[in-house]
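File shown: my_file_0.cif (mmCIF, C-alpha atoms).
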```cif
data_upload
#
loop_
_atom_site.label_atom_id
_atom_site.label_comp_id
_atom_site.auth_asym_id
_atom_site.auth_seq_id
_atom_site.Cartn_x
_atom_site.Cartn_y
_atom_site.Cartn_z
CA MET A 979 0.47 -10.84 2.57
CA PRO A 980 -0.72 -8.55 5.39
CA ASP A 981 -4.08 -7.05 6.19
CA GLU A 982 -6.22 -9.87 4.77
CA MET A 983 -6.70 -7.50 1.87
CA PHE A 984 -6.12 -9.73 -1.11
CA PRO A 985 -7.00 -13.45 -1.33
CA GLU A 986 -4.68 -16.13 -2.62
CA GLU A 987 -7.18 -16.85 -5.40
CA ASP A 988 -10.10 -14.93 -6.92
CA SER A 989 -12.98 -14.54 -4.48
CA THR A 990 -16.42 -12.94 -4.40
CA ALA A 991 -15.43 -10.17 -2.10
CA VAL A 992 -12.43 -8.12 -1.21
CA THR A 993 -11.94 -6.87 2.35
CA HIS A 994 -9.58 -4.20 3.49
CA GLU A 995 -8.49 -2.64 6.76
CA ALA A 996 -10.61 0.39 7.43
CA THR A 997 -8.76 3.59 8.03
CA HIS A 998 -10.12 6.93 9.15
CA GLU A 999 -6.85 8.61 8.20
CA ALA A 1000 -7.20 7.97 4.47
CA THR A 1001 -7.28 11.20 2.43
CA HIS A 1002 -9.06 11.91 -0.87
CA ASP A 1003 -7.20 12.76 -4.05
CA ALA A 1004 -9.87 15.25 -5.27
CA ALA A 1005 -8.12 18.54 -6.08
CA ALA A 1006 -9.60 22.03 -5.69
CA HIS A 1007 -8.70 25.37 -7.19
CA ALA A 1008 -9.73 28.89 -6.24
CA GLU A 1009 -11.94 30.81 -8.67
CA GLU A 1010 -10.32 34.05 -9.91
CA PRO A 1011 -12.44 37.18 -9.21
CA VAL A 1012 -13.35 39.34 -12.22
CA GLU A 1013 -12.58 43.04 -11.80
CA ASP A 1014 -15.34 45.53 -12.55
CA HIS A 1015 -13.84 49.01 -13.04
CA GLU A 1016 -17.22 50.73 -13.28
CA ALA A 1017 -18.74 49.40 -10.06
CA ALA A 1018 -17.78 50.72 -6.63
CA PRO A 1019 -15.46 48.33 -4.79
CA ALA A 1020 -17.19 46.15 -2.22
CA VAL A 1021 -15.88 45.89 1.33
CA ALA A 1022 -13.83 42.69 1.58
CA ASP A 1023 -14.58 40.20 4.33
CA GLN A 1024 -11.14 39.58 5.81
CA GLY A 1025 -12.24 36.35 7.47
CA ALA A 1026 -13.81 34.76 4.37
CA GLU A 1027 -11.94 32.23 2.27
CA PRO A 1028 -12.14 32.27 -1.52
CA ALA A 1029 -14.69 29.91 -3.02
CA ALA A 1030 -13.21 26.71 -4.40
CA GLU A 1031 -14.54 24.58 -7.22
CA GLU A 1032 -13.80 20.86 -7.17
CA LEU A 1033 -12.32 19.32 -10.26
CA PRO A 1034 -14.54 16.67 -11.84
CA LEU A 1035 -13.73 13.17 -10.64
CA SER A 1036 -13.07 10.29 -13.00
CA ASP A 1037 -16.01 8.00 -13.71
CA LYS A 1038 -13.65 5.04 -13.96
CA LYS A 1039 -13.59 2.44 -11.18
CA TRP A 1040 -10.62 0.63 -9.66
CA PHE A 1041 -10.40 -3.14 -10.17
CA ILE A 1042 -7.91 -5.73 -8.94
CA ILE A 1043 -6.24 -8.02 -11.48
CA HIS A 1044 -4.68 -11.28 -10.34
CA THR A 1045 -1.37 -12.06 -12.08
CA TYR A 1046 1.42 -14.60 -11.90
CA SER A 1047 3.61 -13.62 -8.97
CA GLY A 1048 6.74 -11.83 -10.14
CA PHE A 1049 5.14 -10.61 -13.39
CA GLU A 1050 3.27 -7.59 -12.04
CA GLN A 1051 5.44 -5.04 -13.91
CA LYS A 1052 5.26 -7.03 -17.16
CA VAL A 1053 1.47 -7.19 -16.89
CA ALA A 1054 1.27 -3.43 -16.31
CA GLY A 1055 3.44 -2.81 -19.39
CA SER A 1056 1.43 -5.27 -21.50
CA LEU A 1057 -1.85 -3.60 -20.52
CA ARG A 1058 -0.57 -0.19 -21.62
CA SER A 1059 0.78 -1.45 -24.95
CA ARG A 1060 -2.30 -3.57 -25.70
CA ALA A 1061 -4.59 -0.66 -24.83
CA GLU A 1062 -2.89 1.45 -27.50
CA ALA A 1063 -2.75 -1.38 -30.04
CA PHE A 1064 -6.35 -2.53 -29.64
CA GLY A 1065 -7.99 0.86 -29.16
CA PHE A 1066 -9.15 0.78 -25.56
CA ALA A 1067 -6.60 3.24 -24.16
CA GLU A 1068 -9.33 5.75 -23.26
CA GLN A 1069 -11.07 3.12 -21.14
CA ILE A 1070 -7.92 2.51 -19.07
CA GLY A 1071 -6.85 5.01 -16.46
CA GLN A 1072 -4.08 4.59 -13.90
CA ILE A 1073 -2.29 1.29 -13.37
CA LEU A 1074 -0.93 0.83 -9.87
CA ILE A 1075 1.35 -1.75 -8.28
CA PRO A 1076 1.17 -0.77 -4.59
CA THR A 1077 4.54 -0.66 -2.85
CA GLU A 1078 5.86 0.43 0.52
CA GLU A 1079 9.27 1.42 1.79
CA VAL A 1080 10.86 -0.91 4.34
CA VAL A 1081 14.02 -0.59 6.38
CA GLU A 1082 16.45 -3.24 7.62
CA LEU A 1083 19.86 -3.34 9.26
CA ARG A 1084 22.76 -4.51 7.05
CA ASN A 1085 26.31 -4.51 8.39
CA GLY A 1086 25.29 -2.10 11.12
CA LYS A 1087 23.65 0.38 8.70
CA LYS A 1088 19.98 1.08 8.04
CA VAL A 1089 19.07 0.25 4.45
CA THR A 1090 15.77 1.33 2.92
CA SER A 1091 14.21 -0.52 0.00
CA LYS A 1092 10.82 -0.96 -1.66
CA ARG A 1093 8.64 -4.04 -1.65
CA MET A 1094 5.23 -4.80 -3.12
CA LEU A 1095 2.33 -4.61 -0.72
CA TYR A 1096 0.37 -7.31 -2.54
CA PRO A 1097 2.51 -9.60 -4.71
CA GLY A 1098 0.52 -11.12 -7.55
CA TYR A 1099 -1.96 -8.24 -7.86
CA VAL A 1100 -2.24 -5.11 -10.01
CA LEU A 1101 -4.78 -2.32 -9.53
CA VAL A 1102 -6.25 -0.84 -12.71
CA GLU A 1103 -8.64 2.08 -13.16
CA MET A 1104 -11.15 1.12 -15.86
CA ASP A 1105 -14.38 2.07 -17.55
CA MET A 1106 -15.52 -1.54 -17.39
CA ASN A 1107 -17.59 -3.30 -20.04
CA ASP A 1108 -17.73 -6.83 -21.49
CA GLU A 1109 -15.29 -6.08 -24.30
CA LEU A 1110 -12.71 -4.59 -21.95
CA TRP A 1111 -13.19 -7.44 -19.48
CA HIS A 1112 -12.27 -9.96 -22.18
CA ALA A 1113 -9.35 -7.85 -23.45
CA VAL A 1114 -7.78 -7.54 -20.01
CA LYS A 1115 -8.32 -11.22 -19.17
CA ALA A 1116 -6.59 -12.14 -22.45
CA THR A 1117 -3.44 -10.22 -21.41
CA PRO A 1118 -0.51 -12.63 -20.96
CA ARG A 1119 0.15 -13.67 -17.34
CA VAL A 1120 -3.23 -12.37 -16.15
CA THR A 1121 -5.26 -15.07 -14.39
CA GLY A 1122 -8.42 -13.04 -13.87
CA PHE A 1123 -10.15 -10.36 -11.85
CA VAL A 1124 -10.68 -10.48 -8.12
CA GLY A 1125 -14.42 -10.88 -7.69
CA GLY A 1126 -14.84 -13.71 -10.16
CA GLY A 1127 -17.39 -14.26 -12.89
CA ASN A 1128 -18.14 -11.71 -15.58
CA SER A 1129 -18.83 -8.92 -13.06
CA PRO A 1130 -15.69 -8.21 -11.01
CA VAL A 1131 -16.26 -6.13 -7.90
CA PRO A 1132 -14.72 -2.62 -8.03
CA LEU A 1133 -12.91 -1.18 -5.03
CA THR A 1134 -14.66 1.48 -2.99
CA ALA A 1135 -13.18 4.98 -2.66
CA ASP A 1136 -12.25 4.23 0.96
CA GLU A 1137 -10.40 1.06 -0.05
CA VAL A 1138 -8.41 2.89 -2.72
CA ASN A 1139 -7.58 5.73 -0.34
CA SER A 1140 -6.46 3.24 2.31
CA ILE A 1141 -3.95 1.73 -0.13
CA LEU A 1142 -2.70 5.13 -1.28
CA TYR A 1143 -2.39 6.33 2.32
CA ARG A 1144 -0.35 3.31 3.35
CA GLN A 1145 1.93 3.79 0.36
CA ALA A 1146 2.43 7.49 1.13
CA SER A 1147 2.91 7.05 4.89
CA SER A 1148 5.58 4.37 4.40
CA ALA A 1149 7.64 6.89 2.43
CA GLU A 1150 7.68 9.19 5.46
CA ARG A 1151 8.22 6.42 7.98
CA PRO A 1152 9.51 3.17 6.44
CA ARG A 1153 8.28 0.00 8.09
CA PRO A 1154 10.66 -2.64 9.43
CA LYS A 1155 11.17 -5.35 6.82
CA MET A 1156 10.75 -8.12 9.40
CA SER A 1157 7.71 -8.78 11.57
CA PHE A 1158 7.70 -10.78 14.78
CA GLU A 1159 5.32 -12.75 16.96
CA LYS A 1160 5.28 -13.64 20.64
CA ASN A 1161 7.36 -16.70 21.65
CA GLU A 1162 9.51 -16.51 18.49
CA ASN A 1163 13.19 -17.26 18.99
CA VAL A 1164 15.42 -14.39 17.88
CA ARG A 1165 19.06 -13.36 17.90
CA ILE A 1166 20.16 -9.84 18.79
CA ASN A 1167 22.41 -8.34 16.10
CA ASP A 1168 22.97 -4.81 17.41
CA GLY A 1169 23.53 -2.97 20.70
CA PRO A 1170 25.03 -4.05 24.03
CA PHE A 1171 23.33 -7.46 23.84
CA ALA A 1172 24.57 -8.30 20.32
CA ASN A 1173 24.96 -12.05 19.68
CA PHE A 1174 22.64 -12.95 22.58
CA SER A 1175 19.65 -15.15 21.79
CA GLY A 1176 16.24 -14.89 23.39
CA LYS A 1177 12.50 -15.34 23.06
CA VAL A 1178 10.00 -12.63 22.10
CA ASP A 1179 7.82 -11.85 25.12
CA GLU A 1180 5.90 -8.86 23.77
CA VAL A 1181 5.48 -7.09 20.41
CA ASN A 1182 4.66 -3.40 20.09
CA PRO A 1183 3.87 -2.77 16.38
CA GLU A 1184 3.05 0.90 16.97
CA ARG A 1185 6.57 1.65 18.21
CA ASN A 1186 8.25 -1.16 16.22
CA THR A 1187 9.78 -2.54 19.41
CA LEU A 1188 10.02 -5.94 21.09
CA ARG A 1189 10.50 -7.12 24.63
CA VAL A 1190 12.86 -10.07 24.46
CA LEU A 1191 13.68 -12.40 27.34
CA VAL A 1192 17.44 -12.85 27.37
CA THR A 1193 19.24 -15.22 29.74
CA ILE A 1194 21.88 -13.25 31.64
CA PHE A 1195 23.81 -14.88 34.49
CA GLY A 1196 21.36 -17.79 34.42
CA ARG A 1197 18.30 -15.59 34.79
CA ALA A 1198 15.72 -14.56 32.15
CA THR A 1199 15.96 -10.78 31.81
CA PRO A 1200 13.53 -8.67 29.72
CA VAL A 1201 15.24 -6.36 27.22
CA GLU A 1202 13.45 -3.81 25.02
CA LEU A 1203 14.79 -3.73 21.48
CA ASP A 1204 13.99 -2.15 18.15
CA PHE A 1205 12.76 -4.43 15.35
CA LEU A 1206 16.00 -3.68 13.50
CA GLN A 1207 18.13 -4.97 16.36
CA VAL A 1208 16.97 -8.56 16.11
CA GLU A 1209 16.67 -11.30 13.51
CA LYS A 1210 14.77 -14.56 13.44
CA VAL A 1211 16.69 -17.70 14.33
#
```

Would it be possible to restate this file's structure as structure tokens?
Amino acid sequence: MPDEMFPEEDSTAVTHEATHEATHDAAAHAEEPVEDHEAAPAVADQGAEPAAEELPLSDKKWFIIHTYSGFEQKVAGSLRSRAEAFGFAEQIGQILIPTEEVVELRNGKKVTSKRMLYPGYVLVEMDMNDELWHAVKATPRVTGFVGGGNSPVPLTADEVNSILYRQASSAERPRPKMSFEKNENVRINDGPFANFSGKVDEVNPERNTLRVLVTIFGRATPVELDFLQVEKV
């Protein structure tokens, strides 16, 4: 699991990568002017923008639920059905299983798919109280809240926005499915050096490229390749 965002087990704190690019979901709408037919028309300021009124934000907080790995969707469905059955639907807001789009090379073609950012975890927007805490913990395949004890720690607005931003940005630019580290042995599967093997000399995660040392005519030669052009040996 990347980013050191979610622990393997429940812990007393949750840390997340800070991002200054995260955007807020608060919506705004322009207020319609009311016409007054009796008053003389005022001179309009061409450079002024119409006043905007922010929509009220939800008072609910986001919490992280730890589940059995592979049962995230079932837990989300169970929470919705139990909320209706046991009368706490109004205390539950959005239920989110963060995903990102990833791309890989299959048979020479780029294939895009989705994968969960944090397997074993579900984010739930809740108006938390003791009764709801017990009801959620009693949901099948839920092992508890991240934060521990009877007072789980809610996510901050910046942490939620960071997750939403990563999810949205991956849709525009899917990440490579594989990640690599220096000195890893790899095999090239595409391009003029296909079927050559080499060792990773440098990783550039911003560009999703590698510099691989390939032995050509008995000499180690650096070759720059895309993440999609290599596979781990």

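Counting from atom CA of A:Glu1202, the distance to atom CA of A:Asp1168 is 12.2 Å.
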
Atom CA of A:Thr1045 to atom CA of A:Phe1123, distance in Å rounded to a single decimal: 8.9 Å

Separation of atom CA of A:Val1138 from atom CA of A:Asn1182, in Å and rounded to one decimal: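 Calculated distance between atom CA of A:Val1138 and atom CA of A:Asn1182 is 27.0 Å.
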
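For the residues A:Pro1130, A:Gly1125, A:Gly1071, A:Gly1048, ranking by smallest atom-to-atom distance to A:Asp1105 using all atoms listed in the file places A:Gly1071 first.
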
Spatial neighbours of A:Leu1095, 7 Å, all atoms listed in the file, chain gap at least 6 places, as a ChimeraX atom specification: /A:1076-1078

Any chance you can output those residues with C-alpha atoms as a CSV table (one decimal), in the coordinates of the input?
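Okay, result_14.csv is ready:
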```csv
chain,number,residue,atom,x,y,z
A,1076,PRO,CA,1.2,-0.8,-4.6
A,1077,THR,CA,4.5,-0.7,-2.8
A,1078,GLU,CA,5.9,0.4,0.5
```

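With all atoms listed in the file as the atoms that count, the minimum distance from A:Lys1092 to the choices A:Ala1116, A:Ile1075, A:Ile1042, A:Met1104 is reached by A:Ile1075.
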